[in-house]
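Printed here is start32.txt (compact mmCIF, C-alpha atoms):
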# COMPACT_ATOMS: atom_id res chain seq x y z
CA LYS S 1 -130.23 58.69 1.07
CA PHE S 2 -131.50 55.64 3.01
CA PRO S 3 -128.77 54.94 5.61
CA VAL S 4 -130.77 52.73 7.98
CA PHE S 5 -132.03 50.64 5.05
CA LEU S 6 -128.41 50.06 3.99
CA ILE S 7 -127.52 49.08 7.55
CA ALA S 8 -130.42 46.61 7.62
CA VAL S 9 -129.35 45.03 4.32
CA ASN S 10 -125.71 44.84 5.42
CA ARG S 11 -126.60 43.20 8.72
CA THR S 12 -128.88 40.68 6.97
CA ALA S 13 -126.06 39.72 4.60
CA GLY S 14 -123.72 39.46 7.58
CA ALA S 15 -126.10 37.10 9.37
CA ALA S 16 -126.34 34.95 6.23
CA VAL S 17 -122.55 34.75 5.87
CA GLY S 18 -122.15 34.02 9.60
CA LEU S 19 -124.69 31.19 9.36
CA LEU S 20 -122.90 29.78 6.31
CA ILE S 21 -119.53 29.73 8.12
CA ILE S 22 -121.16 28.08 11.14
CA LYS S 23 -122.60 25.32 8.97
CA LEU S 24 -119.30 24.80 7.16
CA GLN S 25 -117.59 24.31 10.53
CA GLY S 26 -120.31 22.02 11.82
CA LEU S 27 -121.12 24.26 14.78
CA SER S 28 -124.44 25.06 16.42
CA ALA S 29 -126.35 28.14 15.27
CA MET S 30 -128.52 28.09 18.41
CA ASP S 31 -125.90 28.07 21.17
CA PRO S 32 -127.44 29.40 24.43
CA GLN S 33 -124.30 31.46 25.03
CA MET S 34 -125.16 33.57 21.98
CA LYS S 35 -127.67 35.54 24.07
CA LEU S 36 -124.70 37.55 25.39
CA THR S 37 -124.16 38.96 21.88
CA THR S 38 -127.28 41.10 22.39
CA TRP S 39 -125.18 43.82 24.03
CA PRO S 40 -122.61 44.27 21.23
CA ALA S 41 -125.50 44.05 18.75
CA ILE S 42 -127.18 47.10 20.32
CA THR S 43 -124.00 49.20 20.43
CA ASN S 44 -123.13 48.12 16.88
CA PHE S 45 -126.50 49.36 15.59
CA VAL S 46 -126.16 52.73 17.35
CA ALA S 47 -122.59 53.13 16.05
CA GLN S 48 -123.59 52.38 12.46
CA VAL S 49 -126.50 54.83 12.50
CA ALA S 50 -124.28 57.56 13.97
CA GLN S 51 -121.57 56.90 11.39
CA TYR S 52 -123.94 57.17 8.42
CA GLN S 53 -125.62 60.30 9.77
CA ALA S 54 -122.28 62.01 10.39
CA MET S 55 -121.34 61.58 6.73
CA PHE S 56 -124.05 64.14 5.88
CA MET S 57 -122.69 66.66 8.40
CA VAL S 58 -118.89 66.71 8.27
CA PRO S 59 -116.36 66.66 5.39
CA PHE S 60 -115.03 63.26 4.40
CA PRO S 61 -111.47 63.81 5.74
CA VAL S 62 -112.76 64.99 9.12
CA HIS S 63 -115.10 61.98 9.22
CA ILE S 64 -112.21 59.62 8.50
CA LEU S 65 -109.65 61.21 10.80
CA MET S 66 -112.02 61.53 13.77
CA LYS S 67 -112.35 57.75 13.68
CA SER S 68 -108.69 57.63 14.67
CA ALA S 69 -109.76 58.89 18.09
CA LYS S 70 -111.19 55.40 18.79
CA VAL S 71 -107.80 54.20 20.03
CA LEU S 72 -107.97 55.71 23.52
CA PRO S 73 -111.69 54.96 24.10
CA ALA S 74 -111.11 51.34 23.04
CA MET S 75 -108.33 50.95 25.61
CA PHE S 76 -110.19 52.84 28.34
CA LEU S 77 -113.39 50.80 27.89
CA GLY S 78 -111.38 47.58 27.89
CA ARG S 79 -109.95 48.56 31.26
CA VAL S 80 -113.41 49.50 32.61
CA LEU S 81 -114.96 46.20 31.49
CA GLY S 82 -111.98 44.31 32.88
CA ASN S 83 -111.32 42.37 29.69
CA ARG S 84 -108.01 44.05 28.77
CA ALA S 85 -105.04 45.75 30.45
CA TYR S 86 -102.66 48.07 28.60
CA SER S 87 -99.13 49.32 29.23
CA LEU S 88 -98.02 52.93 29.59
CA LEU S 89 -96.56 52.78 26.08
CA ASP S 90 -99.96 51.72 24.71
CA TYR S 91 -101.60 54.76 26.29
CA ILE S 92 -98.86 57.10 25.05
CA GLU S 93 -99.30 55.84 21.50
CA GLY S 94 -103.06 56.24 21.74
CA PHE S 95 -102.70 59.76 23.14
CA VAL S 96 -100.27 60.88 20.41
CA ILE S 97 -102.53 59.50 17.66
CA SER S 98 -105.57 61.22 19.17
CA ALA S 99 -103.65 64.50 19.62
CA LEU S 100 -102.58 64.52 15.98
CA VAL S 101 -106.17 63.87 14.95
CA ALA S 102 -107.31 66.81 17.10
CA LEU S 103 -104.65 69.02 15.50
CA PHE S 104 -105.82 68.00 12.07
CA ALA S 105 -109.50 68.66 12.86
CA TYR S 106 -108.64 72.07 14.37
CA HIS S 107 -106.55 73.06 11.37
CA VAL S 108 -109.30 72.00 8.97
CA GLN S 109 -111.66 74.60 10.42
CA HIS S 110 -109.27 77.39 9.35
CA GLU S 111 -109.18 76.41 5.68
CA ARG S 112 -112.54 77.81 4.62
CA GLU S 113 -110.89 80.21 2.21
CA ASP S 114 -109.76 77.50 -0.18
CA SER S 115 -112.94 76.17 -1.79
CA SER S 116 -110.95 73.72 -3.94
CA SER S 117 -109.45 72.04 -0.91
CA LEU S 118 -110.60 68.61 0.12
CA PHE S 119 -110.95 69.98 3.63
CA SER S 120 -113.12 72.99 2.76
CA LEU S 121 -116.24 73.44 4.89
CA ASP S 122 -117.83 76.24 2.85
CA ASP S 123 -120.70 74.09 1.61
CA ALA S 124 -121.69 72.88 5.06
CA PRO S 125 -124.75 74.58 6.62
CA PRO S 126 -124.08 76.55 9.85
CA GLY S 127 -124.01 74.33 12.90
CA HIS S 128 -123.61 71.11 10.93
CA LEU S 129 -119.95 70.74 11.80
CA VAL S 130 -120.63 70.96 15.54
CA LEU S 131 -123.59 68.57 15.36
CA GLY S 132 -121.61 66.25 13.11
CA ALA S 133 -118.74 66.24 15.61
CA VAL S 134 -121.16 65.29 18.42
CA VAL S 135 -122.58 62.45 16.29
CA MET S 136 -119.04 61.29 15.49
CA VAL S 137 -118.17 61.22 19.21
CA LEU S 138 -121.22 59.01 19.75
CA TYR S 139 -120.03 56.74 16.94
CA VAL S 140 -116.50 56.54 18.35
CA VAL S 141 -117.70 55.58 21.83
CA MET S 142 -120.27 53.04 20.61
CA ASP S 143 -117.89 51.42 18.15
CA ALA S 144 -115.14 51.14 20.77
CA LEU S 145 -117.68 49.66 23.18
CA THR S 146 -118.82 47.12 20.55
CA SER S 147 -115.40 45.55 20.06
CA ASN S 148 -114.81 45.46 23.82
CA LEU S 149 -118.17 43.83 24.45
CA GLU S 150 -117.34 41.22 21.82
CA ASP S 151 -114.03 40.62 23.59
CA TYR S 152 -115.92 40.39 26.90
CA VAL S 153 -118.20 37.71 25.38
CA TYR S 154 -115.21 35.75 24.07
CA GLN S 155 -113.57 35.70 27.48
CA ARG S 156 -116.69 34.38 29.21
CA THR S 157 -117.88 31.87 26.62
CA ASN S 158 -116.39 29.43 24.13
CA LEU S 159 -118.21 30.92 21.15
CA ASP S 160 -116.59 30.75 17.74
CA PRO S 161 -116.17 34.05 15.83
CA SER S 162 -118.83 32.89 13.37
CA GLN S 163 -121.31 32.35 16.22
CA GLN S 164 -120.50 35.75 17.69
CA MET S 165 -120.96 37.28 14.25
CA LEU S 166 -124.33 35.61 13.72
CA GLY S 167 -125.63 36.76 17.10
CA VAL S 168 -124.48 40.36 16.63
CA GLU S 169 -125.71 40.61 13.04
CA LEU S 170 -129.11 39.14 13.89
CA GLY S 171 -129.61 41.51 16.81
CA SER S 172 -128.37 44.58 14.98
CA GLY S 173 -130.30 43.60 11.86
CA PHE S 174 -133.52 43.22 13.84
CA LEU S 175 -133.11 46.73 15.27
CA ALA S 176 -132.32 48.12 11.82
CA TRP S 177 -135.34 46.55 10.10
CA ALA S 178 -137.63 47.61 12.94
CA THR S 179 -136.36 51.19 12.63
CA VAL S 180 -136.69 51.18 8.83
CA VAL S 181 -140.31 50.08 9.05
CA ALA S 182 -141.11 52.48 11.92
CA ILE S 183 -139.79 55.60 10.17
CA GLY S 184 -141.15 54.64 6.75
CA GLU S 185 -137.74 54.38 5.12
CA ALA S 186 -138.36 50.87 3.81
CA ARG S 187 -141.14 51.92 1.45
CA ALA S 188 -139.20 54.93 0.17
CA ALA S 189 -136.04 52.88 -0.35
CA ILE S 190 -137.84 50.12 -2.26
CA ALA S 191 -139.65 52.71 -4.41
CA PHE S 192 -136.31 54.32 -5.22
CA LEU S 193 -134.74 50.96 -6.13
CA LEU S 194 -137.66 50.05 -8.39
CA VAL S 195 -136.96 53.18 -10.40
CA HIS S 196 -133.16 52.86 -10.25
CA ASP S 197 -132.86 49.08 -10.48
CA SER S 198 -129.15 49.24 -11.37
CA ALA S 199 -128.45 50.26 -7.76
CA TRP S 200 -129.27 46.74 -6.54
CA GLN S 201 -125.94 45.37 -7.74
CA TYR S 202 -124.00 47.99 -5.78
CA ILE S 203 -126.07 47.40 -2.66
CA ALA S 204 -125.45 43.66 -2.94
CA LEU S 205 -121.71 44.21 -3.43
CA LEU S 206 -121.60 46.54 -0.43
CA ALA S 207 -123.61 44.10 1.71
CA PHE S 208 -121.41 41.07 1.11
CA ALA S 209 -118.18 43.06 1.30
CA SER S 210 -119.43 44.34 4.65
CA ALA S 211 -120.32 40.80 5.73
CA PHE S 212 -116.89 39.31 5.06
CA GLY S 213 -115.25 42.41 6.54
CA THR S 214 -117.34 41.92 9.68
CA TYR S 215 -116.13 38.33 10.02
CA ALA S 216 -112.52 39.49 9.64
CA CYS S 217 -113.08 42.08 12.38
CA THR S 218 -114.74 39.57 14.72
CA LEU S 219 -111.88 37.12 14.16
CA THR S 220 -109.31 39.86 14.82
CA VAL S 221 -110.94 40.69 18.16
CA ARG S 222 -110.80 37.00 19.07
CA LEU S 223 -107.11 36.66 18.16
CA PHE S 224 -105.58 40.02 19.08
CA GLY S 225 -108.15 42.08 20.98
CA PRO S 226 -110.07 45.35 20.43
CA ALA S 227 -107.06 47.72 20.40
CA VAL S 228 -105.37 45.95 17.48
CA LEU S 229 -108.65 45.89 15.58
CA THR S 230 -109.06 49.63 16.17
CA LEU S 231 -105.55 50.35 14.89
CA LEU S 232 -106.10 48.23 11.78
CA MET S 233 -109.43 49.93 11.04
CA VAL S 234 -107.89 53.37 11.47
CA SER S 235 -105.07 52.47 9.08
CA ARG S 236 -107.63 51.35 6.52
CA GLN S 237 -109.52 54.63 6.87
CA ILE S 238 -106.39 56.73 6.44
CA PHE S 239 -105.44 54.68 3.37
CA SER S 240 -108.85 55.42 1.84
CA LEU S 241 -108.31 59.11 2.56
CA ILE S 242 -104.93 59.05 0.82
CA LEU S 243 -106.48 57.32 -2.19
CA SER S 244 -109.18 60.01 -2.30
CA MET S 245 -106.55 62.75 -2.35
CA VAL S 246 -104.56 60.98 -5.08
CA PHE S 247 -107.43 60.15 -7.43
CA PHE S 248 -109.31 63.44 -7.05
CA GLN S 249 -106.14 65.60 -6.89
CA HIS S 250 -107.23 67.60 -3.85
CA GLN S 251 -104.97 70.25 -2.38
CA VAL S 252 -103.30 69.36 0.91
CA ASP S 253 -100.97 71.69 2.79
CA THR S 254 -97.79 70.65 4.57
CA LEU S 255 -99.26 70.45 8.08
CA ASN S 256 -102.17 68.21 7.03
CA ALA S 257 -99.82 65.95 5.07
CA LEU S 258 -97.46 65.76 8.07
CA CYS S 259 -100.35 64.79 10.37
CA LEU S 260 -101.50 62.06 8.00
CA GLY S 261 -98.00 60.65 7.57
CA THR S 262 -97.20 60.67 11.29
CA VAL S 263 -100.49 59.03 12.25
CA SER S 264 -99.98 56.35 9.60
CA LEU S 265 -96.48 55.49 10.86
CA LEU S 266 -97.63 55.41 14.48
CA ILE S 267 -100.52 53.11 13.67
CA PHE S 268 -98.28 50.77 11.68
CA SER S 269 -95.65 50.52 14.44
CA ALA S 270 -98.24 50.13 17.22
CA SER S 271 -100.11 47.41 15.31
CA LEU S 272 -96.92 45.51 14.55
CA ARG S 273 -95.71 45.70 18.16
CA ARG S 274 -99.03 44.53 19.65
CA THR S 275 -99.60 41.67 17.21
CA THR S 276 -96.02 40.49 17.74
CA ALA S 277 -96.50 40.61 21.50
CA ALA S 278 -99.79 38.70 21.28
CA THR S 279 -98.22 36.03 19.06
CA THR S 280 -95.17 35.71 21.32
CA ALA S 281 -97.38 35.37 24.39
CA ALA S 282 -99.38 32.60 22.74
CA ILE S 283 -96.34 30.49 21.82
CA PRO S 284 -95.31 29.48 25.39
CA GLY S 285 -98.84 28.29 26.09
CA GLU S 286 -98.80 26.16 22.96
CA ILE S 287 -95.40 24.75 23.88
CA LEU S 288 -96.55 23.86 27.40
CA ALA S 289 -99.71 22.26 26.06
CA GLY S 290 -97.68 20.21 23.59
CA ALA S 291 -95.22 19.15 26.29
CA ALA S 292 -98.06 18.09 28.58
CA ALA S 293 -99.65 16.05 25.83
CA GLU S 294 -96.33 14.40 25.01
CA GLN S 295 -95.69 13.60 28.67
CA GLY S 296 -99.16 12.14 28.99
CA GLY S 297 -98.56 9.98 25.95
CA ARG S 298 -95.33 8.62 27.35
CA ALA S 299 -96.96 7.85 30.67
CA ALA S 300 -99.67 5.92 28.89
CA LEU S 301 -97.10 3.89 26.95
CA GLU S 302 -95.16 3.07 30.13
CA LYS S 303 -98.34 1.70 31.72
Here is the file; what I need is its structure written in the form of structure tokens.
Amino acid sequence: KFPVFLIAVNRTAGAAVGLLIIKLQGLSAMDPQMKLTTWPAITNFVAQVAQYQAMFMVPFPVHILMKSAKVLPAMFLGRVLGNRAYSLLDYIEGFVISALVALFAYHVQHEREDSSSLFSLDDAPPGHLVLGAVVMVLYVVMDALTSNLEDYVYQRTNLDPSQQMLGVELGSGFLAWATVVAIGEARAAIAFLLVHDSAWQYIALLAFASAFGTYACTLTVRLFGPAVLTLLMVSRQIFSLILSMVFFQHQVDTLNALCLGTVSLLIFSASLRRTTAATTAAIPGEILAGAAAEQGGRAALEK
């Protein structure tokens, strides 16, 4: 009911957690390099607003599965920004995942007859699906751009993930609070919470879960890059969709189930291959650094 208010609260909690991690590590919370986090902060805010708005316009499964289309945009934007290069196999995997998602979304539109289906669109007002799809495309592009901009910042600074997180959360949070005040959502949200005070505990739980999740995402970008983060996030979304189908006993036909299973396997294999490659590539550098240090130590002893 108050999506921008929730975004503002989540970003505030994220900034608090980021600041706490910075202090625990003994780092600076006012590093001049943090000004570069303004760009991912802006795209993060736009992506979050688009994501929340789309939830009112498209069915939950379509919302979840369309997020899988982030794989190709994440790779393409990484190439445009010059912070990542991908192999032909990477692009093929991304294309197949996106194609299966498109097949799923197309098939969903032809299941209006079954009102008990999880994928039924009967209750959606005319035109909402199209508008929701446009909003989801905006979310996909902005979210893919956010992780690539964070990667861009990492490659041009020596910021710690906690410092990157603090900068992004502060910038995005500022935009969210300014928007909440400007559109009058803050007063309405607080009035609602005063009447339904039990909702505070769920908002707090959501905020801090989001904060620690944000740190995990920022750290993943630092260690493995935007594409691996995108694959991991898509796998989490598909897992939540499967749980929804299991707990609420929704009807799923063979083609939809096949799409879900194939996408899940592709994401798992692609994530495993890329993380293994990133880890393997890092080992020679560590070995060389250790050898250089050992050689320097011996030279010092000989002197």
What does the structure give for the distance between CA of Val9 in chain S and CA of Ala207 in chain S, in Å to one decimal?
6.4 Å
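Of the listed residues S:Val135, S:Pro73, S:Ala211, S:Leu100, the one whose atoms come nearest to Gln51 in chain S is S:Val135, with distances taken using all atoms listed in the file.
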Pick out the residues sitting within 9 Å of His63 in chain S, and hand them over as an MDAnalysis selection string; count all atoms listed in the file, and ignore anything fewer than 4 positions along from it in its own chain.
chainID S and resid 51 54:55 57:59 67 132:133 136
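Between CA of Ala270 in chain S and CA of Tyr139 in chain S the interatomic distance comes to 22.8 Å.
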Just how far from CA of Val46 in chain S is CA of Arg187 in chain S, in Å to one decimal?
21.9 Å
Considering all atoms listed in the file, state which residue in the set S:Ile203, S:Val101, S:Leu72, S:Ala227 is at the smallest distance from Ala189 in chain S.
S:Ile203
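Counting only C-alpha atoms, the residue from S:Val195, S:Leu175, S:Ile183, S:Leu145 that sits nearest to Phe45 in chain S is S:Leu175.
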